[in-house]
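Source file: entry33.txt (compact mmCIF, C-alpha atoms)
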# COMPACT_ATOMS: atom_id res chain seq x y z
CA MET A 1 23.05 23.43 18.40
CA ILE A 2 26.55 23.25 19.89
CA TYR A 3 25.25 20.62 22.33
CA PHE A 4 24.19 18.43 19.41
CA ASN A 5 27.60 18.89 17.76
CA ALA A 6 29.31 18.07 21.06
CA PHE A 7 27.26 14.88 21.40
CA LEU A 8 27.97 13.85 17.81
CA PHE A 9 31.71 14.56 17.86
CA ALA A 10 32.54 13.00 21.26
CA GLY A 11 30.28 10.05 20.45
CA ILE A 12 31.90 9.37 17.09
CA ILE A 13 35.41 9.49 18.60
CA CYS A 14 34.41 7.04 21.35
CA ALA A 15 32.68 4.74 18.85
CA ILE A 16 35.81 4.67 16.65
CA GLY A 17 37.88 3.78 19.72
CA GLN A 18 35.46 1.00 20.65
CA ILE A 19 35.54 -0.46 17.12
CA ILE A 20 39.37 -0.47 17.16
CA LEU A 21 39.27 -2.13 20.60
CA ASP A 22 36.93 -4.88 19.38
CA LYS A 23 38.48 -5.51 15.97
CA THR A 24 42.14 -5.68 17.04
CA LYS A 25 44.07 -7.04 20.00
CA LEU A 26 45.11 -3.60 21.26
CA THR A 27 44.54 -2.74 24.92
CA PRO A 28 42.77 0.44 26.12
CA GLY A 29 46.23 1.86 26.89
CA HIS A 30 47.26 1.57 23.25
CA ILE A 31 44.05 3.22 22.13
CA THR A 32 44.38 6.27 24.38
CA VAL A 33 47.98 6.68 23.19
CA ILE A 34 46.86 6.48 19.54
CA PHE A 35 44.20 9.13 20.15
CA VAL A 36 46.65 11.45 21.91
CA VAL A 37 49.09 11.22 18.98
CA VAL A 38 46.25 11.83 16.51
CA GLY A 39 45.16 14.89 18.49
CA ALA A 40 48.73 16.22 18.55
CA PHE A 41 49.00 15.67 14.80
CA LEU A 42 45.70 17.38 14.01
CA ASP A 43 46.95 20.55 15.70
CA VAL A 44 49.90 20.93 13.32
CA PHE A 45 47.79 22.64 10.68
CA ASP A 46 45.23 24.09 13.14
CA ILE A 47 42.56 21.55 12.21
CA TYR A 48 41.73 20.81 15.82
CA ASP A 49 41.07 24.47 16.63
CA LYS A 50 38.34 24.48 13.99
CA LEU A 51 36.92 21.29 15.46
CA ILE A 52 36.78 22.95 18.90
CA LEU A 53 34.97 25.94 17.42
CA TRP A 54 32.48 23.54 15.83
CA ALA A 55 31.95 21.01 18.64
CA GLY A 56 32.88 23.01 21.78
CA GLY A 57 33.08 20.74 24.82
CA GLY A 58 32.63 17.67 22.64
CA ALA A 59 36.11 18.23 21.22
CA LEU A 60 37.65 19.24 24.56
CA VAL A 61 36.52 16.25 26.63
CA PRO A 62 38.13 13.37 24.62
CA ILE A 63 41.80 12.61 25.22
CA THR A 64 42.62 13.95 21.71
CA SER A 65 42.34 17.45 23.19
CA PHE A 66 45.21 16.53 25.53
CA GLY A 67 47.53 16.04 22.54
CA HIS A 68 46.12 19.15 20.91
CA MET A 69 46.88 21.24 24.00
CA LEU A 70 50.44 19.89 24.23
CA THR A 71 51.22 20.81 20.61
CA HIS A 72 49.36 24.10 20.95
CA GLY A 73 51.40 25.00 24.04
CA ALA A 74 54.70 24.10 22.38
CA ILE A 75 53.89 26.14 19.27
CA LEU A 76 52.71 29.07 21.38
CA GLY A 77 55.91 28.83 23.43
CA TYR A 78 58.04 28.90 20.28
CA HIS A 79 56.06 31.90 19.12
CA ASN A 80 56.68 33.82 22.35
CA GLN A 81 60.13 32.71 23.53
CA GLY A 82 61.88 31.18 20.55
CA LEU A 83 63.65 27.83 20.60
CA MET A 84 63.51 27.39 24.38
CA GLY A 85 59.75 27.88 24.23
CA LEU A 86 59.38 24.48 22.59
CA PHE A 87 60.41 22.99 25.94
CA VAL A 88 58.87 25.57 28.25
CA GLY A 89 55.49 25.77 26.60
CA ALA A 90 54.55 22.14 26.13
CA PHE A 91 52.90 21.75 29.54
CA ASP A 92 51.47 25.28 29.63
CA LEU A 93 47.87 24.33 28.92
CA THR A 94 47.81 20.72 30.11
CA SER A 95 49.42 21.28 33.52
CA ALA A 96 46.00 21.81 35.12
CA GLY A 97 44.76 18.39 34.00
CA ILE A 98 47.91 16.50 35.00
CA CYS A 99 48.20 18.31 38.34
CA ALA A 100 44.54 17.71 39.17
CA ALA A 101 44.80 14.01 38.32
CA ILE A 102 47.95 13.56 40.44
CA ILE A 103 46.77 15.61 43.44
CA PHE A 104 43.27 14.15 43.67
CA SER A 105 44.59 10.60 43.14
CA PHE A 106 47.18 11.03 45.86
CA PHE A 107 44.81 12.34 48.51
CA PHE A 108 41.98 9.96 47.67
CA ALA A 109 44.43 7.06 47.74
CA LEU A 110 45.41 8.12 51.27
CA ILE A 111 41.78 8.40 52.38
CA PHE A 112 40.01 5.47 50.68
CA GLU A 113 40.59 1.73 50.83
CA PRO A 114 40.48 -0.15 47.50
CA LYS A 115 37.08 -1.80 47.09
CA ASP A 116 37.66 -5.26 45.69
CA MET B 1 43.51 -31.86 10.95
CA GLU B 2 43.52 -31.91 14.73
CA LYS B 3 44.63 -28.29 14.73
CA MET B 4 41.68 -27.29 12.55
CA LYS B 5 39.31 -29.12 14.84
CA TYR B 6 40.80 -27.41 17.86
CA LYS B 7 40.58 -23.99 16.21
CA ASN B 8 36.93 -24.56 15.38
CA LEU B 9 36.25 -25.59 18.94
CA VAL B 10 37.97 -22.50 20.32
CA ASP B 11 36.07 -20.27 17.91
CA LYS B 12 32.83 -21.86 18.99
CA TYR B 13 33.30 -21.16 22.66
CA THR B 14 35.01 -17.75 22.52
CA PRO B 15 32.38 -15.22 23.54
CA LYS B 16 31.35 -13.19 20.51
CA GLU B 17 31.66 -9.43 20.96
CA ASN B 18 28.73 -7.66 19.43
CA ILE B 19 30.68 -4.89 17.71
CA PHE B 20 27.70 -2.80 16.69
CA TYR B 21 26.12 -2.89 20.15
CA ASN B 22 29.41 -2.03 21.89
CA ALA B 23 30.05 0.83 19.47
CA LEU B 24 26.52 2.17 20.04
CA ILE B 25 26.99 2.12 23.84
CA ALA B 26 30.35 3.88 23.48
CA PHE B 27 28.78 6.42 21.10
CA ILE B 28 25.98 7.29 23.50
CA THR B 29 28.10 7.46 26.68
CA GLY B 30 30.85 9.40 24.90
CA GLY B 31 28.28 11.79 23.50
CA ILE B 32 26.79 12.33 26.95
CA MET B 33 30.29 13.10 28.27
CA GLY B 34 30.66 15.70 25.50
CA ILE B 35 27.34 17.29 26.46
CA ILE B 36 28.35 17.34 30.14
CA GLY B 37 31.64 19.01 29.17
CA GLN B 38 29.94 21.68 27.09
CA GLY B 39 27.33 22.18 29.84
CA LEU B 40 30.03 22.69 32.48
CA ILE B 41 31.87 25.19 30.24
CA ASP B 42 28.65 27.18 29.78
CA PHE B 43 27.84 26.92 33.49
CA TYR B 44 31.24 28.18 34.64
CA SER B 45 31.58 30.94 32.06
CA TYR B 46 28.06 32.17 32.90
CA TYR B 47 28.06 32.00 36.70
CA LEU B 48 31.72 32.80 37.40
CA THR B 49 31.93 35.27 34.47
CA ILE B 50 35.27 33.93 33.25
CA SER B 51 36.52 33.44 29.70
CA THR B 52 35.83 30.22 27.81
CA LYS B 53 39.49 29.23 28.09
CA GLU B 54 39.48 29.38 31.90
CA ALA B 55 36.09 27.67 31.98
CA THR B 56 37.63 24.82 29.93
CA VAL B 57 40.31 24.33 32.59
CA CYS B 58 37.64 24.36 35.33
CA MET B 59 35.60 21.81 33.36
CA LEU B 60 38.56 19.44 32.98
CA VAL B 61 39.44 19.70 36.69
CA THR B 62 35.80 19.05 37.65
CA LEU B 63 35.56 15.95 35.46
CA ILE B 64 38.88 14.62 36.81
CA PHE B 65 37.73 15.26 40.39
CA ILE B 66 34.43 13.46 39.81
CA SER B 67 35.98 10.41 38.19
CA CYS B 68 38.72 10.18 40.88
CA LEU B 69 36.05 10.34 43.60
CA PHE B 70 33.79 7.76 41.94
CA THR B 71 36.74 5.44 41.30
CA SER B 72 37.81 5.52 44.93
CA LEU B 73 34.21 4.98 46.05
CA GLY B 74 34.27 1.81 43.97
CA PHE B 75 31.50 2.07 41.38
CA PHE B 76 33.30 3.80 38.51
CA ASP B 77 34.96 0.48 37.56
CA LYS B 78 31.56 -1.01 36.79
CA TRP B 79 30.65 1.96 34.62
CA VAL B 80 33.93 1.64 32.70
CA ASN B 81 33.33 -2.09 32.20
CA PHE B 82 29.91 -1.28 30.80
CA ALA B 83 30.70 1.73 28.62
CA ARG B 84 34.31 0.78 27.74
CA CYS B 85 35.67 3.37 25.29
CA GLY B 86 32.76 5.70 26.06
CA LEU B 87 34.49 6.48 29.35
CA ILE B 88 38.10 5.53 28.51
CA ILE B 89 38.59 7.96 25.62
CA PRO B 90 37.30 11.05 27.51
CA ILE B 91 39.57 12.61 30.13
CA THR B 92 37.75 10.51 32.76
CA GLY B 93 39.71 7.48 31.50
CA PHE B 94 43.00 9.22 32.23
CA ALA B 95 41.90 10.08 35.77
CA HIS B 96 40.48 6.59 36.27
CA ALA B 97 43.79 4.95 35.26
CA THR B 98 45.78 7.20 37.60
CA MET B 99 43.40 6.73 40.50
CA SER B 100 43.08 2.94 40.24
CA ALA B 101 46.88 2.52 40.03
CA ALA B 102 47.27 4.69 43.13
CA LEU B 103 44.65 2.68 45.01
CA GLU B 104 46.08 -0.65 43.92
CA TYR B 105 49.62 0.06 45.15
CA ARG B 106 48.52 1.92 48.26
CA LYS B 107 49.51 -0.89 50.62
CA GLU B 108 53.15 -0.84 49.43
CA GLY B 109 53.72 2.48 51.13
CA MET B 110 53.53 6.11 50.27
CA VAL B 111 56.76 6.55 48.31
CA LEU B 112 57.37 3.17 46.72
CA GLY B 113 53.68 2.36 46.40
CA ILE B 114 51.64 5.42 45.49
CA GLY B 115 54.50 7.62 44.33
CA ALA B 116 56.27 5.10 42.15
CA ASN B 117 53.23 3.45 40.59
CA MET B 118 50.63 6.20 40.28
CA LEU B 119 51.47 7.02 36.65
CA LYS B 120 52.03 3.38 35.72
CA LEU B 121 49.09 3.27 33.27
CA SER B 122 48.55 6.93 32.44
CA GLY B 123 52.27 7.69 32.11
CA ALA B 124 52.16 6.32 28.56
CA VAL B 125 49.67 9.02 27.61
CA ILE B 126 51.91 11.78 28.98
CA ILE B 127 55.12 10.38 27.46
CA PHE B 128 53.70 9.78 24.00
CA GLY B 129 51.77 13.04 24.12
CA VAL B 130 54.87 15.09 24.92
CA VAL B 131 57.12 13.25 22.45
CA SER B 132 54.64 13.53 19.57
CA ALA B 133 53.71 17.14 20.41
CA TRP B 134 57.37 18.15 20.49
CA THR B 135 58.12 16.34 17.23
CA PHE B 136 55.14 17.86 15.44
CA SER B 137 56.03 21.33 16.74
CA VAL B 138 59.60 20.96 15.43
CA ILE B 139 58.23 19.79 12.07
CA ARG B 140 55.94 22.80 11.95
CA MET B 141 58.84 25.06 12.93
CA LEU B 142 61.02 23.62 10.16
CA LEU B 143 58.23 24.03 7.63
CA GLY B 144 58.06 27.66 8.70
CA VAL B 145 54.29 27.71 9.10
CA ILE B 146 54.34 29.38 12.52

Transcribe the structure of this file into structure tokens.
Amino acid sequence: MIYFNAFLFAGIICAIGQIILDKTKLTPGHITVIFVVVGAFLDVFDIYDKLILWAGGGALVPITSFGHMLTHGAILGYHNQGLMGLFVGAFDLTSAGICAAIIFSFFFALIFEPKD
Amino acid sequence: MEKMKYKNLVDKYTPKENIFYNALIAFITGGIMGIIGQGLIDFYSYYLTISTKEATVCMLVTLIFISCLFTSLGFFDKWVNFARCGLIIPITGFAHATMSAALEYRKEGMVLGIGANMLKLSGAVIIFGVVSAWTFSVIRMLLGVI
């Protein structure tokens, strides 16, 4: 059942993004930024956590989960370390994604030639 | 009058985007990405016997690795052109943007090329993500909900 929910949730988010892309003059860059901000906002009142419980991987794969993790980390940091935690905790959960993207991109860029 | 004529002419020859068809493609590819994500989480938590949280991190790293590899091998661009938001909105889009910027500026050298331009496209995601996350956390702190 969770696979069906994952399909439905991730699909609906992508379809909304595609409709925004077609209807307006925004570029894909704008759209990913909008979705990150929406994800960060949805975490303020723990809505996104419920969505993750409902849709599992379907809610974790879209870029909205990136914003969710940033807010989640900052709030968790404040909870554990006080005011400084707002700065320390923000990258707590997302560091893996950013690090992986940077490291793999760097080494693959050294190895491969651009194919154009 | 001439302006109207010109506008009509432009409208006539601008390729019409079939919004419903594009949205359907994005829906299906995005949904498949969600299923792959959930499948990888289940796979890792079952075979490596780790918690769901760690399996999530493994899943994200795997997806980023795959999309970086496919981008540098050259055929991920075609998939993105076909599926559009179906692959841009998932985390694969973030990795794809980073990887293609790194490949594009590769010939300008390691520091000024790859290092300076790698986050050219995906940097916006990080900047806006951090700024909005910090602002929302401060708002939540001030509201005293924590």

ask   = At most 10 Å from (37.9, -1.2, 22.0), file frame, only C-alpha atoms: which residues, as a PyMOL selection string?
value = (chain A and resi 14-28+30-31) or (chain B and resi 19+22-23+26+84-86+88-89)

Grab the residues selected above and save them as a PDB file, keeping the file's coordinate frame with C-alpha atoms.
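Full text of again33.pdb as output:
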ATOM      1  CA  CYS A  14      34.410   7.040  21.350  1.00  0.00           C
ATOM      2  CA  ALA A  15      32.680   4.740  18.850  1.00  0.00           C
ATOM      3  CA  ILE A  16      35.810   4.670  16.650  1.00  0.00           C
ATOM      4  CA  GLY A  17      37.880   3.780  19.720  1.00  0.00           C
ATOM      5  CA  GLN A  18      35.460   1.000  20.650  1.00  0.00           C
ATOM      6  CA  ILE A  19      35.540  -0.460  17.120  1.00  0.00           C
ATOM      7  CA  ILE A  20      39.370  -0.470  17.160  1.00  0.00           C
ATOM      8  CA  LEU A  21      39.270  -2.130  20.600  1.00  0.00           C
ATOM      9  CA  ASP A  22      36.930  -4.880  19.380  1.00  0.00           C
ATOM     10  CA  LYS A  23      38.480  -5.510  15.970  1.00  0.00           C
ATOM     11  CA  THR A  24      42.140  -5.680  17.040  1.00  0.00           C
ATOM     12  CA  LYS A  25      44.070  -7.040  20.000  1.00  0.00           C
ATOM     13  CA  LEU A  26      45.110  -3.600  21.260  1.00  0.00           C
ATOM     14  CA  THR A  27      44.540  -2.740  24.920  1.00  0.00           C
ATOM     15  CA  PRO A  28      42.770   0.440  26.120  1.00  0.00           C
ATOM     16  CA  HIS A  30      47.260   1.570  23.250  1.00  0.00           C
ATOM     17  CA  ILE A  31      44.050   3.220  22.130  1.00  0.00           C
TER      18      ILE A  31
ATOM     19  CA  ILE B  19      30.680  -4.890  17.710  1.00  0.00           C
ATOM     20  CA  ASN B  22      29.410  -2.030  21.890  1.00  0.00           C
ATOM     21  CA  ALA B  23      30.050   0.830  19.470  1.00  0.00           C
ATOM     22  CA  ALA B  26      30.350   3.880  23.480  1.00  0.00           C
ATOM     23  CA  ARG B  84      34.310   0.780  27.740  1.00  0.00           C
ATOM     24  CA  CYS B  85      35.670   3.370  25.290  1.00  0.00           C
ATOM     25  CA  GLY B  86      32.760   5.700  26.060  1.00  0.00           C
ATOM     26  CA  ILE B  88      38.100   5.530  28.510  1.00  0.00           C
ATOM     27  CA  ILE B  89      38.590   7.960  25.620  1.00  0.00           C
TER      28      ILE B  89
END

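Every protein, DNA or RNA residue with an atom at most 6 Å from A:Ala74, where only C-alpha atoms count and chain neighbours fewer than 3 positions away do not, is listed here: Thr71, Gly77, Leu86, Gly89 and Ala90 of chain A.
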
Please write the residues from the selection above to a file, keeping C-alpha atoms, as a PDB file, in the frame of the given file.
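This went into result-v3.pdb:
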ATOM      1  CA  THR A  71      51.220  20.810  20.610  1.00  0.00           C
ATOM      2  CA  GLY A  77      55.910  28.830  23.430  1.00  0.00           C
ATOM      3  CA  LEU A  86      59.380  24.480  22.590  1.00  0.00           C
ATOM      4  CA  GLY A  89      55.490  25.770  26.600  1.00  0.00           C
ATOM      5  CA  ALA A  90      54.550  22.140  26.130  1.00  0.00           C
TER       6      ALA A  90
END

task = Report the distance between atom CA of A:Gly56 and atom CA of B:Glu54 in Å, rounded to one decimal place.
result =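 Atom-to-atom, atom CA of A:Gly56 and atom CA of B:Glu54 are spaced 13.7 Å apart.
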
ask   = What are the residues of chain B that have an atom within 7 Å of an atom of chain A, counting only C-alpha atoms, as a PyMOL selection string?
value = chain B and resi 19+22-24+26-28+30-32+34-35+37-38+57+60-61+64-65+68+72+74+85-86+89-91+95+98-99+102-104+106+124-125+128-130+132-134+136-137+140

Could you save those same residues with C-alpha atoms as a PDB file, in the coordinates of the input?
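Everything below was put into again.pdb:
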ATOM      1  CA  ILE B  19      30.680  -4.890  17.710  1.00  0.00           C
ATOM      2  CA  ASN B  22      29.410  -2.030  21.890  1.00  0.00           C
ATOM      3  CA  ALA B  23      30.050   0.830  19.470  1.00  0.00           C
ATOM      4  CA  LEU B  24      26.520   2.170  20.040  1.00  0.00           C
ATOM      5  CA  ALA B  26      30.350   3.880  23.480  1.00  0.00           C
ATOM      6  CA  PHE B  27      28.780   6.420  21.100  1.00  0.00           C
ATOM      7  CA  ILE B  28      25.980   7.290  23.500  1.00  0.00           C
ATOM      8  CA  GLY B  30      30.850   9.400  24.900  1.00  0.00           C
ATOM      9  CA  GLY B  31      28.280  11.790  23.500  1.00  0.00           C
ATOM     10  CA  ILE B  32      26.790  12.330  26.950  1.00  0.00           C
ATOM     11  CA  GLY B  34      30.660  15.700  25.500  1.00  0.00           C
ATOM     12  CA  ILE B  35      27.340  17.290  26.460  1.00  0.00           C
ATOM     13  CA  GLY B  37      31.640  19.010  29.170  1.00  0.00           C
ATOM     14  CA  GLN B  38      29.940  21.680  27.090  1.00  0.00           C
ATOM     15  CA  VAL B  57      40.310  24.330  32.590  1.00  0.00           C
ATOM     16  CA  LEU B  60      38.560  19.440  32.980  1.00  0.00           C
ATOM     17  CA  VAL B  61      39.440  19.700  36.690  1.00  0.00           C
ATOM     18  CA  ILE B  64      38.880  14.620  36.810  1.00  0.00           C
ATOM     19  CA  PHE B  65      37.730  15.260  40.390  1.00  0.00           C
ATOM     20  CA  CYS B  68      38.720  10.180  40.880  1.00  0.00           C
ATOM     21  CA  SER B  72      37.810   5.520  44.930  1.00  0.00           C
ATOM     22  CA  GLY B  74      34.270   1.810  43.970  1.00  0.00           C
ATOM     23  CA  CYS B  85      35.670   3.370  25.290  1.00  0.00           C
ATOM     24  CA  GLY B  86      32.760   5.700  26.060  1.00  0.00           C
ATOM     25  CA  ILE B  89      38.590   7.960  25.620  1.00  0.00           C
ATOM     26  CA  PRO B  90      37.300  11.050  27.510  1.00  0.00           C
ATOM     27  CA  ILE B  91      39.570  12.610  30.130  1.00  0.00           C
ATOM     28  CA  ALA B  95      41.900  10.080  35.770  1.00  0.00           C
ATOM     29  CA  THR B  98      45.780   7.200  37.600  1.00  0.00           C
ATOM     30  CA  MET B  99      43.400   6.730  40.500  1.00  0.00           C
ATOM     31  CA  ALA B 102      47.270   4.690  43.130  1.00  0.00           C
ATOM     32  CA  LEU B 103      44.650   2.680  45.010  1.00  0.00           C
ATOM     33  CA  GLU B 104      46.080  -0.650  43.920  1.00  0.00           C
ATOM     34  CA  ARG B 106      48.520   1.920  48.260  1.00  0.00           C
ATOM     35  CA  ALA B 124      52.160   6.320  28.560  1.00  0.00           C
ATOM     36  CA  VAL B 125      49.670   9.020  27.610  1.00  0.00           C
ATOM     37  CA  PHE B 128      53.700   9.780  24.000  1.00  0.00           C
ATOM     38  CA  GLY B 129      51.770  13.040  24.120  1.00  0.00           C
ATOM     39  CA  VAL B 130      54.870  15.090  24.920  1.00  0.00           C
ATOM     40  CA  SER B 132      54.640  13.530  19.570  1.00  0.00           C
ATOM     41  CA  ALA B 133      53.710  17.140  20.410  1.00  0.00           C
ATOM     42  CA  TRP B 134      57.370  18.150  20.490  1.00  0.00           C
ATOM     43  CA  PHE B 136      55.140  17.860  15.440  1.00  0.00           C
ATOM     44  CA  SER B 137      56.030  21.330  16.740  1.00  0.00           C
ATOM     45  CA  ARG B 140      55.940  22.800  11.950  1.00  0.00           C
TER      46      ARG B 140
END

inquiry  = Counting only C-alpha atoms, which residues sit no farther than 6 Å from the position (33.0, 6.0, 34.4) in the file's frame? I'd like them as a PyMOL selection string.
reply    = chain B and resi 76+79-80+87

ask   = Could you pull the residues within 8 Å of B:Leu119, counting only C-alpha atoms, minus those fewer than 3 positions along the same chain, as a VMD selection string?
value = chain B and resid 98 101 116 122 to 123

query = Just how far from atom CA of B:Asp77 is atom CA of B:Phe20, in Å to one decimal?
reply =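 Going from atom CA of B:Phe20 over to atom CA of B:Asp77 covers 22.3 Å.
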
request  = Report the distance between atom CA of B:Cys58 and atom CA of B:Ser45 in Å, rounded to one decimal place.
outcome  = 9.5 Å
